[in-house]
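Next comes protein_33.tsv, with TSV, C-alpha atoms and all ligand atoms.
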```tsv
chain	number	residue	atom	x	y	z
Z	1100	MET	CA	-9.35	0.22	-17.40
Z	1101	THR	CA	-5.93	1.25	-16.25
Z	1102	THR	CA	-2.88	-0.81	-15.38
Z	1103	LEU	CA	-0.10	0.62	-13.26
Z	1104	HIS	CA	3.51	-0.33	-13.98
Z	1105	VAL	CA	6.29	0.25	-11.46
Z	1106	ARG	CA	9.75	-0.52	-12.85
Z	1107	ASP	CA	13.12	-0.54	-11.07
Z	1108	LEU	CA	11.98	2.16	-8.67
Z	1109	VAL	CA	14.70	3.78	-6.55
Z	1110	LYS	CA	14.51	6.62	-4.04
Z	1111	ASP	CA	17.49	8.08	-2.21
Z	1112	PHE	CA	17.24	10.57	0.61
Z	1113	SER	CA	20.11	12.66	1.83
Z	1114	VAL	CA	20.52	12.38	5.59
Z	1115	ARG	CA	22.76	14.31	7.97
Z	1116	THR	CA	24.51	12.48	10.77
Z	1117	GLY	CA	26.54	14.97	12.78
Z	1118	LEU	CA	28.65	16.82	10.22
Z	1119	ARG	CA	28.44	14.17	7.56
Z	1120	ARG	CA	25.84	13.95	4.85
Z	1121	SER	CA	25.07	10.54	3.56
Z	1122	ARG	CA	22.68	8.89	1.22
Z	1123	LEU	CA	19.91	6.67	2.47
Z	1124	ARG	CA	18.35	4.35	-0.08
Z	1125	ALA	CA	14.70	4.33	1.03
Z	1126	VAL	CA	13.45	2.36	-1.96
Z	1127	ASP	CA	15.73	-0.05	-3.79
Z	1128	ASP	CA	14.78	-1.55	-7.13
Z	1129	VAL	CA	11.06	-2.13	-6.63
Z	1130	SER	CA	9.04	-3.43	-9.59
Z	1131	PHE	CA	5.47	-4.66	-9.91
Z	1132	SER	CA	2.34	-4.29	-12.00
Z	1133	LEU	CA	-1.16	-3.64	-10.82
Z	1134	ALA	CA	-3.99	-4.69	-13.15
Z	1135	PRO	CA	-7.68	-3.68	-13.09
Z	1136	GLY	CA	-9.69	-5.55	-10.47
Z	1137	ARG	CA	-6.55	-6.70	-8.66
Z	1138	THR	CA	-5.20	-5.79	-5.24
Z	1139	VAL	CA	-1.53	-5.86	-4.43
Z	1140	ALA	CA	-0.55	-5.48	-0.78
Z	1141	LEU	CA	2.71	-3.83	0.13
Z	1142	VAL	CA	3.54	-5.13	3.58
Z	1143	GLY	CA	6.27	-4.06	5.93
Z	1144	GLU	CA	7.09	-2.31	9.17
Z	1145	SER	CA	7.40	1.46	9.38
Z	1146	GLY	CA	10.56	2.64	7.70
Z	1147	SER	CA	10.49	-0.19	5.14
Z	1148	GLY	CA	9.89	2.27	2.31
Z	1149	LYS	CA	6.30	1.30	1.51
Z	1150	SER	CA	4.86	4.80	2.04
Z	1151	THR	CA	7.66	6.26	-0.07
Z	1152	VAL	CA	6.63	3.92	-2.89
Z	1153	ALA	CA	3.02	5.13	-2.46
Z	1154	ARG	CA	4.06	8.77	-2.52
Z	1155	MET	CA	6.04	8.28	-5.71
Z	1156	ILE	CA	3.08	6.55	-7.37
Z	1157	ALA	CA	0.86	9.46	-6.27
Z	1158	ARG	CA	3.51	11.81	-7.74
Z	1159	LEU	CA	4.08	13.52	-4.40
Z	1160	GLU	CA	7.70	12.44	-4.49
Z	1161	ARG	CA	10.05	12.18	-7.44
Z	1162	PRO	CA	11.89	8.89	-7.98
Z	1163	THR	CA	15.70	8.89	-8.01
Z	1164	GLY	CA	15.54	6.14	-10.58
Z	1165	GLY	CA	13.10	3.90	-12.37
Z	1166	ARG	CA	9.75	4.59	-13.91
Z	1167	ILE	CA	6.06	4.63	-13.00
Z	1168	THR	CA	3.54	4.56	-15.82
Z	1169	ALA	CA	-0.13	3.88	-16.30
Z	1170	THR	CA	-1.53	2.29	-19.44
Z	1171	ALA	CA	-5.04	2.17	-20.86
Z	1172	ALA	CA	-6.81	-1.06	-21.86
Z	1173	ASP	CA	-5.37	-0.85	-25.38
Z	1174	GLY	CA	-1.83	-0.68	-23.98
Z	1175	THR	CA	-1.22	2.99	-24.75
Z	1176	GLU	CA	0.45	5.03	-22.04
Z	1177	ILE	CA	-1.67	7.55	-20.14
Z	1178	PRO	CA	-0.11	10.98	-20.75
Z	1179	ASP	CA	1.33	12.80	-17.73
Z	1180	ARG	CA	-1.35	15.47	-17.63
Z	1181	ARG	CA	-4.07	12.80	-17.36
Z	1182	TYR	CA	-2.19	10.56	-14.89
Z	1183	ARG	CA	-3.85	12.06	-11.81
Z	1184	ASP	CA	-7.34	11.46	-13.23
Z	1185	HIS	CA	-6.46	7.77	-13.17
Z	1186	VAL	CA	-4.35	7.35	-10.06
Z	1187	GLN	CA	-5.60	8.61	-6.70
Z	1188	MET	CA	-4.52	8.19	-3.12
Z	1189	VAL	CA	-6.28	7.52	0.19
Z	1190	PHE	CA	-4.10	8.56	3.10
Z	1191	GLN	CA	-3.64	7.07	6.54
Z	1192	ASP	CA	-5.02	10.02	8.49
Z	1193	PRO	CA	-8.40	11.21	7.19
Z	1194	PHE	CA	-8.26	14.20	9.55
Z	1195	ALA	CA	-4.98	15.49	8.20
Z	1196	SER	CA	-6.02	15.01	4.59
Z	1197	LEU	CA	-9.23	17.05	4.92
Z	1198	ASN	CA	-9.33	20.82	5.39
Z	1199	PRO	CA	-11.24	21.67	8.62
Z	1200	PHE	CA	-12.68	24.86	7.11
Z	1201	HIS	CA	-14.29	23.26	4.11
Z	1202	THR	CA	-17.51	21.30	3.77
Z	1203	VAL	CA	-17.63	17.74	2.52
Z	1204	GLU	CA	-19.19	19.06	-0.68
Z	1205	HIS	CA	-16.26	21.39	-1.25
Z	1206	HIS	CA	-13.77	18.54	-0.75
Z	1207	ILE	CA	-15.42	16.34	-3.34
Z	1208	ALA	CA	-16.46	19.06	-5.78
Z	1209	ARG	CA	-12.90	20.35	-6.04
Z	1210	PRO	CA	-11.38	17.29	-7.72
Z	1211	LEU	CA	-14.49	17.06	-9.92
Z	1212	LYS	CA	-13.81	20.57	-11.17
Z	1213	LEU	CA	-10.04	20.10	-11.38
Z	1214	HIS	CA	-10.49	17.08	-13.57
Z	1215	GLY	CA	-13.29	18.63	-15.61
Z	1216	VAL	CA	-15.92	16.09	-14.59
Z	1217	THR	CA	-18.74	18.54	-13.84
Z	1218	GLY	CA	-21.02	21.05	-15.51
Z	1219	THR	CA	-23.46	23.34	-13.69
Z	1220	ALA	CA	-23.59	23.88	-9.91
Z	1221	ALA	CA	-26.67	21.67	-9.69
Z	1222	GLU	CA	-24.92	18.89	-11.62
Z	1223	THR	CA	-21.90	19.14	-9.37
Z	1224	ARG	CA	-24.06	18.88	-6.27
Z	1225	GLU	CA	-25.85	15.87	-7.67
Z	1226	ARG	CA	-22.57	14.18	-8.52
Z	1227	VAL	CA	-21.21	14.85	-5.02
Z	1228	GLU	CA	-24.31	13.33	-3.46
Z	1229	GLN	CA	-24.07	10.27	-5.70
Z	1230	LEU	CA	-20.48	9.75	-4.58
Z	1231	LEU	CA	-21.48	10.06	-0.92
Z	1232	GLU	CA	-24.23	7.49	-1.46
Z	1233	ARG	CA	-21.69	5.14	-3.00
Z	1234	VAL	CA	-19.55	5.24	0.12
Z	1235	ASN	CA	-22.62	4.72	2.32
Z	1236	LEU	CA	-22.81	8.21	3.77
Z	1237	HIS	CA	-26.48	8.97	4.33
Z	1238	PRO	CA	-28.34	11.25	4.08
Z	1239	ALA	CA	-25.96	12.51	1.42
Z	1240	ALA	CA	-27.43	16.02	1.17
Z	1241	ASP	CA	-26.94	16.50	4.91
Z	1242	ILE	CA	-23.44	15.00	5.04
Z	1243	ALA	CA	-22.38	17.18	2.10
Z	1244	GLN	CA	-22.88	20.34	4.14
Z	1245	ARG	CA	-20.89	19.17	7.18
Z	1246	ARG	CA	-17.29	19.94	8.02
Z	1247	PRO	CA	-14.72	17.25	8.90
Z	1248	HIS	CA	-14.99	17.75	12.69
Z	1249	GLU	CA	-18.71	17.01	12.46
Z	1250	LEU	CA	-17.96	13.51	11.19
Z	1251	SER	CA	-16.61	10.38	12.86
Z	1252	GLY	CA	-13.19	9.00	11.86
Z	1253	GLY	CA	-14.84	6.31	9.75
Z	1254	GLN	CA	-17.08	8.84	8.01
Z	1255	ARG	CA	-14.07	11.04	7.27
Z	1256	GLN	CA	-12.23	8.14	5.67
Z	1257	ARG	CA	-15.33	7.44	3.54
Z	1258	VAL	CA	-15.27	11.07	2.42
Z	1259	ALA	CA	-11.59	10.64	1.53
Z	1260	ILE	CA	-12.47	7.56	-0.53
Z	1261	ALA	CA	-15.31	9.42	-2.28
Z	1262	ARG	CA	-12.89	12.22	-3.05
Z	1263	ALA	CA	-10.38	9.77	-4.50
Z	1264	LEU	CA	-13.08	8.30	-6.76
Z	1265	ALA	CA	-14.41	11.72	-7.81
Z	1266	PRO	CA	-12.18	12.23	-10.84
Z	1267	GLY	CA	-13.00	8.72	-12.06
Z	1268	ALA	CA	-9.91	7.08	-10.61
Z	1269	ARG	CA	-9.01	3.62	-11.89
Z	1270	VAL	CA	-6.07	3.00	-9.58
Z	1271	VAL	CA	-6.37	3.65	-5.85
Z	1272	VAL	CA	-3.32	3.74	-3.62
Z	1273	ALA	CA	-4.47	3.23	-0.02
Z	1274	ASP	CA	-1.66	3.88	2.46
Z	1275	GLU	CA	-2.64	2.32	5.82
Z	1276	PRO	CA	-6.23	3.44	5.18
Z	1277	VAL	CA	-7.65	2.03	8.41
Z	1278	SER	CA	-4.75	1.96	10.86
Z	1279	MET	CA	-5.85	5.18	12.57
Z	1280	LEU	CA	-9.49	4.16	12.80
Z	1281	ASP	CA	-11.21	2.46	15.66
Z	1282	VAL	CA	-10.74	-1.31	15.47
Z	1283	SER	CA	-14.51	-1.88	15.32
Z	1284	ILE	CA	-14.96	0.04	12.06
Z	1285	ARG	CA	-11.81	-0.98	10.17
Z	1286	LEU	CA	-13.32	-3.98	8.46
Z	1287	GLY	CA	-16.31	-1.88	7.31
Z	1288	VAL	CA	-14.03	0.58	5.53
Z	1289	LEU	CA	-11.95	-2.19	3.94
Z	1290	ASN	CA	-15.11	-3.99	2.79
Z	1291	LEU	CA	-16.32	-0.72	1.28
Z	1292	LEU	CA	-13.09	-0.40	-0.69
Z	1293	ALA	CA	-13.46	-4.01	-1.84
Z	1294	ARG	CA	-17.03	-3.38	-3.03
Z	1295	LEU	CA	-16.06	-0.21	-4.92
Z	1296	GLN	CA	-13.23	-2.17	-6.46
Z	1297	ARG	CA	-15.62	-4.85	-7.74
Z	1298	GLU	CA	-18.08	-2.28	-9.07
Z	1299	ASP	CA	-15.49	-0.19	-10.91
Z	1300	ASP	CA	-12.84	-2.84	-11.61
Z	1301	LEU	CA	-10.37	-0.69	-9.70
Z	1302	ALA	CA	-6.73	-1.60	-9.28
Z	1303	VAL	CA	-5.85	-1.20	-5.59
Z	1304	LEU	CA	-2.47	-0.92	-3.92
Z	1305	TYR	CA	-3.10	-1.71	-0.25
Z	1306	ILE	CA	-0.27	-0.61	2.00
Z	1307	THR	CA	-0.29	-2.06	5.47
Z	1308	HIS	CA	1.70	-3.61	8.28
Z	1309	ASP	CA	-1.12	-6.02	8.94
Z	1310	LEU	CA	-0.66	-9.48	7.43
Z	1311	ALA	CA	-4.21	-10.68	8.20
Z	1312	THR	CA	-6.01	-7.98	6.22
Z	1313	ALA	CA	-3.33	-8.12	3.53
Z	1314	ARG	CA	-4.11	-11.79	3.01
Z	1315	HIS	CA	-7.87	-11.29	3.11
Z	1316	PHE	CA	-8.08	-8.28	0.81
Z	1317	SER	CA	-5.32	-8.83	-1.72
Z	1318	ASP	CA	-4.37	-11.16	-4.54
Z	1319	GLU	CA	-0.63	-10.68	-4.28
Z	1320	ILE	CA	1.65	-9.67	-1.42
Z	1321	LEU	CA	4.98	-7.89	-1.64
Z	1322	VAL	CA	6.94	-7.88	1.61
Z	1323	MET	CA	9.27	-4.91	1.98
Z	1324	TYR	CA	12.26	-4.68	4.24
Z	1325	ARG	CA	14.65	-1.71	4.28
Z	1326	GLY	CA	13.57	-0.52	0.88
Z	1327	ARG	CA	13.64	-3.86	-0.90
Z	1328	VAL	CA	10.92	-6.32	-1.79
Z	1329	VAL	CA	12.28	-9.42	-0.05
Z	1330	GLU	CA	9.39	-11.77	-0.82
Z	1331	ARG	CA	6.49	-11.76	-3.24
Z	1332	GLY	CA	3.78	-14.12	-4.35
Z	1333	ALA	CA	0.09	-14.97	-4.20
Z	1334	ALA	CA	-1.36	-13.73	-0.91
Z	1335	ASP	CA	-2.19	-17.16	0.53
Z	1336	GLU	CA	1.17	-18.60	-0.56
Z	1337	VAL	CA	3.17	-15.86	1.15
Z	1338	ILE	CA	1.18	-15.96	4.38
Z	1339	LEU	CA	0.78	-19.73	4.68
Z	1340	HIS	CA	4.24	-20.65	3.37
Z	1341	PRO	CA	6.54	-17.71	4.05
Z	1342	ARG	CA	10.10	-18.46	2.89
Z	1343	HIS	CA	12.18	-15.37	3.58
Z	1344	PRO	CA	13.40	-15.35	7.18
Z	1345	TYR	CA	12.05	-11.82	7.57
Z	1346	THR	CA	8.55	-12.78	6.43
Z	1347	ARG	CA	8.68	-15.72	8.81
Z	1348	LEU	CA	9.52	-13.36	11.62
Z	1349	LEU	CA	6.60	-11.10	10.70
Z	1350	ALA	CA	4.23	-14.04	10.36
Z	1351	SER	CA	5.23	-15.50	13.71
Z	1352	ALA	CA	4.77	-12.13	15.42
Z	1353	ALA	CA	1.36	-11.50	13.85
Z	1354	PRO	CA	-1.91	-12.64	15.35
Z	1355	ASN	CA	-3.81	-15.56	13.82
Z	1356	PRO	CA	-4.12	-14.55	10.18
Z	1357	ASP	CA	-7.04	-16.91	9.60
Z	1358	VAL	CA	-9.94	-14.70	8.60
Z	1359	SER	CA	-12.42	-17.46	9.35
Z	1360	ALA	CA	-11.45	-16.98	12.98
Z	1361	GLY	CA	-13.78	-13.99	12.89
Z	1362	ARG	CA	-13.68	-10.27	12.54
Z	1363	THR	CA	-12.78	-9.47	16.10
Z	1364	GLU	CA	-9.74	-11.67	16.06
Z	1365	LEU	CA	-8.82	-10.52	12.59
Z	1366	LEU	CA	-8.54	-6.91	13.61
Z	1367	SER	CA	-8.21	-6.61	17.35
Z	1368	GLY	CA	-4.76	-8.14	17.44
Z	1369	THR	CA	-3.55	-5.92	14.65
Z	1370	ARG	CA	-0.35	-4.22	15.54
Z	1371	ALA	CA	2.82	-3.00	14.01
Z	1372	VAL	CA	5.80	-5.27	14.32
Z	1373	GLU	CA	8.87	-3.13	14.64
Z	1374	PRO	CA	11.81	-5.29	15.55
Z	1375	THR	CA	14.44	-2.86	14.32
Z	1376	GLY	CA	13.09	0.48	15.33
Z	1377	PRO	CA	13.59	3.51	13.14
Z	1378	GLY	CA	17.07	4.56	12.22
Z	1379	ALA	CA	18.74	1.17	12.61
Z	1380	ALA	CA	21.50	1.31	10.01
Z	1381	PRO	CA	21.50	-1.43	7.40
Z	1382	PRO	CA	24.79	-3.12	6.53
Z	1383	ALA	CA	26.75	-0.74	4.30
Z	1384	ASP	CA	27.12	-2.99	1.28
Z	1385	SER	CA	24.92	-4.56	-1.34
Z	1386	GLY	CA	24.42	-7.82	0.52
Z	1387	CYS	CA	21.23	-8.92	2.20
Z	1388	THR	CA	19.91	-6.04	4.32
Z	1389	PHE	CA	18.38	-8.48	6.80
Z	1390	ARG	CA	21.55	-10.32	7.69
Z	1391	ASP	CA	22.31	-8.43	10.91
Z	1392	ARG	CA	19.08	-9.90	12.28
Z	1393	CYS	CA	18.74	-13.13	10.36
Z	1394	PRO	CA	18.96	-16.35	12.40
Z	1395	GLN	CA	20.09	-18.21	9.26
Z	1396	ALA	CA	22.72	-15.76	8.01
Z	1397	MET	CA	25.70	-17.28	6.20
Z	1398	ASP	CA	28.97	-15.87	4.83
Z	1399	VAL	CA	27.53	-15.62	1.34
Z	1400	CYS	CA	24.81	-13.27	2.60
Z	1401	SER	CA	27.15	-10.27	2.39
Z	1402	ARG	CA	27.13	-10.71	-1.39
Z	1403	PRO	CA	24.38	-9.17	-3.55
Z	1404	VAL	CA	21.26	-11.29	-3.38
Z	1405	ARG	CA	18.58	-11.61	-6.03
Z	1406	ASP	CA	15.08	-13.07	-6.26
Z	1407	HIS	CA	14.96	-16.85	-6.22
Z	1408	ALA	CA	11.84	-18.81	-7.16
Z	1409	VAL	CA	10.62	-20.94	-4.26
Z	1410	ALA	CA	7.31	-22.00	-5.87
Z	1411	PRO	CA	5.48	-20.99	-9.06
Z	1412	GLY	CA	5.03	-17.21	-8.92
Z	1413	HIS	CA	6.58	-17.06	-5.46
Z	1414	PHE	CA	10.00	-15.46	-4.94
Z	1415	ALA	CA	12.30	-14.80	-2.02
Z	1416	LYS	CA	15.33	-12.51	-2.10
Z	1417	CYS	CA	17.43	-14.85	-0.03
Z	1418	TRP	CA	20.58	-16.93	-0.47
Z	1419	LEU	CA	18.89	-19.93	1.18
Z	1420	TYR	CA	17.11	-20.60	-2.10
Z	1421	ALA	CA	19.99	-19.92	-4.48
Z	1422	ASP	CA	20.47	-23.56	-5.43
Z	1423	GLY	CA	16.85	-23.93	-6.48
Z	1424	THR	CA	15.87	-26.22	-3.65
Z	1425	ASP	CA	13.20	-25.27	-1.20
Z	1426	ARG	CA	14.27	-25.35	2.43
Z	1427	VAL	CA	12.00	-27.03	4.89
Z	1428	ASP	CA	10.08	-24.44	6.81
Z	1429	PRO	CA	11.44	-24.75	10.36
Z	1430	ALA	CA	8.08	-23.61	11.70
Z	1431	ARG	CA	6.30	-26.68	10.34
Z	1501	LIG	FE1	19.15	-14.50	6.00
Z	1501	LIG	FE2	21.08	-14.74	4.20
Z	1501	LIG	FE3	18.55	-15.05	3.48
Z	1501	LIG	FE4	19.47	-12.65	4.12
Z	1501	LIG	S1	20.12	-13.91	2.37
Z	1501	LIG	S2	17.57	-13.54	4.77
Z	1501	LIG	S3	20.89	-13.15	5.76
Z	1501	LIG	S4	19.72	-16.34	4.88
Z	1502	MG	MG	3.84	4.80	6.40
```
Take the structure from the file and write it as structure tokens.
Amino acid sequence: MTTLHVRDLVKDFSVRTGLRRSRLRAVDDVSFSLAPGRTVALVGESGSGKSTVARMIARLERPTGGRITATAADGTEIPDRRYRDHVQMVFQDPFASLNPFHTVEHHIARPLKLHGVTGTAAETRERVEQLLERVNLHPAADIAQRRPHELSGGQRQRVAIARALAPGARVVVADEPVSMLDVSIRLGVLNLLARLQREDDLAVLYITHDLATARHFSDEILVMYRGRVVERGAADEVILHPRHPYTRLLASAAPNPDVSAGRTELLSGTRAVEPTGPGAAPPADSGCTFRDRCPQAMDVCSRPVRDHAVAPGHFAKCWLYADGTDRVDPAR
């Protein structure tokens, strides 16, 4: 069992505007833990920094500051060379993440070999087929010999999930795993991930812009805006009682997040909410990065803002809650 620890994570990118180079803080002081069997959702619009967090956890990007570690059940830190056996990623686009020239078997056998999981060729083949069965790809022996273009989008994403599990992963980072799939099959893929999680006690980081599936599939939600986690708490708490003005904006723009309303409604209305658009410059100081859009902005909001508790285990990075009192939700 592996727990992932993300501490004070920072990522700066250097950007050129005309002749000037400047620094863009894509991820600003993000911390959270992800325990076995738990799902944390990282929610935000594109450009919020959530994919950059994912890429740093997957070690595809190096942090500017902070630390990402994984620990075993006894609390000892997983050494760097073993980290990738434990932490695996499922990407947004299953087409781009699979090589068109290779068979499904090759895709899954490769991480098995890389991580030393297999023995003979026959054992490898058997292991590949077992993994395909686990992600409901039947008949496994037939699927194993196909190439990505011979599979549907949903089947490709199942192959990507099988590949992520191949080295015995304990932490799965799923970055918008269903947003490029047909609406009708999204829930099937998310339910598959949830079942694998239960069976293997996986820790899952679910990255999405969709509040409804975030609520349904996760225990805790972290809302990101311009690189910062602006609100965090238990999934139901954050969705039913959003406190940060940004989360309220997202929640009011999202379709009915009530899963009992049915699968069609849950997923058909799913869409990205992008009120800023990419490239909108945040205020150039350490104050609240939402204040150029916030309907409740005050003078104090240009000063650095920290997390304030709004309910047990529920925090908002907002000056409205600085005096410890909860503000009445204007939406209710
Ligand atoms: Fe709005 Fe101020 Fe809260 Fe930022 S800190 S969200 S500007 S009220
Ligand atoms: Mg992204």
With a distance cut-off of 10 Å and only C-alpha atoms, select the neighbouring residues of Z:Ala1333, excluding the residue or stretch itself and same-chain residues fewer than 2 positions from it, and output the selection as number ranges by chain. Z: 1139, 1314, 1317-1321, 1331, 1335-1338, 1411-1414
Å distance separating atom CA of Z:Cys1387 from atom CA of Z:Arg1158, one decimal place: 29.0 Å
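Interatomic distance, atom CA of Z:Arg1233 to atom CA of Z:Pro1210: 16.6 Å.
Excluding Z:Arg1325 itself and same-chain residues fewer than 3 positions from it, the residues having an atom within 7 Å of it are Ala1125, Gly1146, Ser1147, Gly1148 and Thr1388 of chain Z, counting all atoms listed in the file.
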Near-ligand residues for ligand LIG 1501 (chain Z), threshold 6 Å, only C-alpha atoms and all ligand atoms, as a list in words: His1343, Pro1344, Cys1387, Phe1389, Arg1390, Cys1393, Gln1395, Ala1396, Met1397, Cys1400, Cys1417, Trp1418 and Leu1419 of chain Z
Any chance you could model N, CA and C atoms for stretch 1128-1143 of chain Z and send them as a PDB file, in the coordinates of the input?
```pdb
ATOM      1  N   ASP Z1128      15.068  -0.622  -6.045  1.00  0.00           N
ATOM      2  CA  ASP Z1128      14.780  -1.550  -7.130  1.00  0.00           C
ATOM      3  C   ASP Z1128      13.444  -2.284  -6.966  1.00  0.00           C
ATOM      4  N   VAL Z1129      12.401  -1.528  -6.806  1.00  0.00           N
ATOM      5  CA  VAL Z1129      11.060  -2.130  -6.630  1.00  0.00           C
ATOM      6  C   VAL Z1129      10.325  -2.133  -7.969  1.00  0.00           C
ATOM      7  N   SER Z1130       9.810  -3.289  -8.352  1.00  0.00           N
ATOM      8  CA  SER Z1130       9.040  -3.430  -9.590  1.00  0.00           C
ATOM      9  C   SER Z1130       7.781  -4.254  -9.339  1.00  0.00           C
ATOM     10  N   PHE Z1131       6.682  -3.834  -9.902  1.00  0.00           N
ATOM     11  CA  PHE Z1131       5.470  -4.660  -9.910  1.00  0.00           C
ATOM     12  C   PHE Z1131       4.450  -4.025 -10.849  1.00  0.00           C
ATOM     13  N   SER Z1132       3.444  -4.807 -11.193  1.00  0.00           N
ATOM     14  CA  SER Z1132       2.340  -4.290 -12.000  1.00  0.00           C
ATOM     15  C   SER Z1132       1.052  -4.478 -11.235  1.00  0.00           C
ATOM     16  N   LEU Z1133       0.116  -3.602 -11.515  1.00  0.00           N
ATOM     17  CA  LEU Z1133      -1.160  -3.640 -10.820  1.00  0.00           C
ATOM     18  C   LEU Z1133      -2.255  -3.526 -11.881  1.00  0.00           C
ATOM     19  N   ALA Z1134      -2.997  -4.617 -12.072  1.00  0.00           N
ATOM     20  CA  ALA Z1134      -3.990  -4.690 -13.150  1.00  0.00           C
ATOM     21  C   ALA Z1134      -5.388  -4.362 -12.614  1.00  0.00           C
ATOM     22  N   PRO Z1135      -6.312  -3.987 -13.502  1.00  0.00           N
ATOM     23  CA  PRO Z1135      -7.680  -3.680 -13.090  1.00  0.00           C
ATOM     24  C   PRO Z1135      -8.297  -4.853 -12.326  1.00  0.00           C
ATOM     25  N   GLY Z1136      -9.010  -4.522 -11.248  1.00  0.00           N
ATOM     26  CA  GLY Z1136      -9.690  -5.550 -10.470  1.00  0.00           C
ATOM     27  C   GLY Z1136      -8.785  -6.285  -9.500  1.00  0.00           C
ATOM     28  N   ARG Z1137      -7.493  -5.980  -9.510  1.00  0.00           N
ATOM     29  CA  ARG Z1137      -6.550  -6.700  -8.660  1.00  0.00           C
ATOM     30  C   ARG Z1137      -6.106  -5.830  -7.474  1.00  0.00           C
ATOM     31  N   THR Z1138      -5.775  -6.501  -6.380  1.00  0.00           N
ATOM     32  CA  THR Z1138      -5.200  -5.790  -5.240  1.00  0.00           C
ATOM     33  C   THR Z1138      -3.831  -6.360  -4.935  1.00  0.00           C
ATOM     34  N   VAL Z1139      -2.860  -5.488  -4.873  1.00  0.00           N
ATOM     35  CA  VAL Z1139      -1.530  -5.860  -4.430  1.00  0.00           C
ATOM     36  C   VAL Z1139      -1.317  -5.232  -3.058  1.00  0.00           C
ATOM     37  N   ALA Z1140      -0.865  -6.032  -2.094  1.00  0.00           N
ATOM     38  CA  ALA Z1140      -0.550  -5.480  -0.780  1.00  0.00           C
ATOM     39  C   ALA Z1140       0.950  -5.293  -0.651  1.00  0.00           C
ATOM     40  N   LEU Z1141       1.317  -4.133  -0.167  1.00  0.00           N
ATOM     41  CA  LEU Z1141       2.710  -3.830   0.130  1.00  0.00           C
ATOM     42  C   LEU Z1141       2.805  -3.874   1.648  1.00  0.00           C
ATOM     43  N   VAL Z1142       3.528  -4.882   2.145  1.00  0.00           N
ATOM     44  CA  VAL Z1142       3.540  -5.130   3.580  1.00  0.00           C
ATOM     45  C   VAL Z1142       4.933  -4.891   4.139  1.00  0.00           C
ATOM     46  N   GLY Z1143       4.984  -4.246   5.287  1.00  0.00           N
ATOM     47  CA  GLY Z1143       6.270  -4.060   5.930  1.00  0.00           C
ATOM     48  C   GLY Z1143       6.110  -3.191   7.156  1.00  0.00           C
TER      49      GLY Z1143
END
```
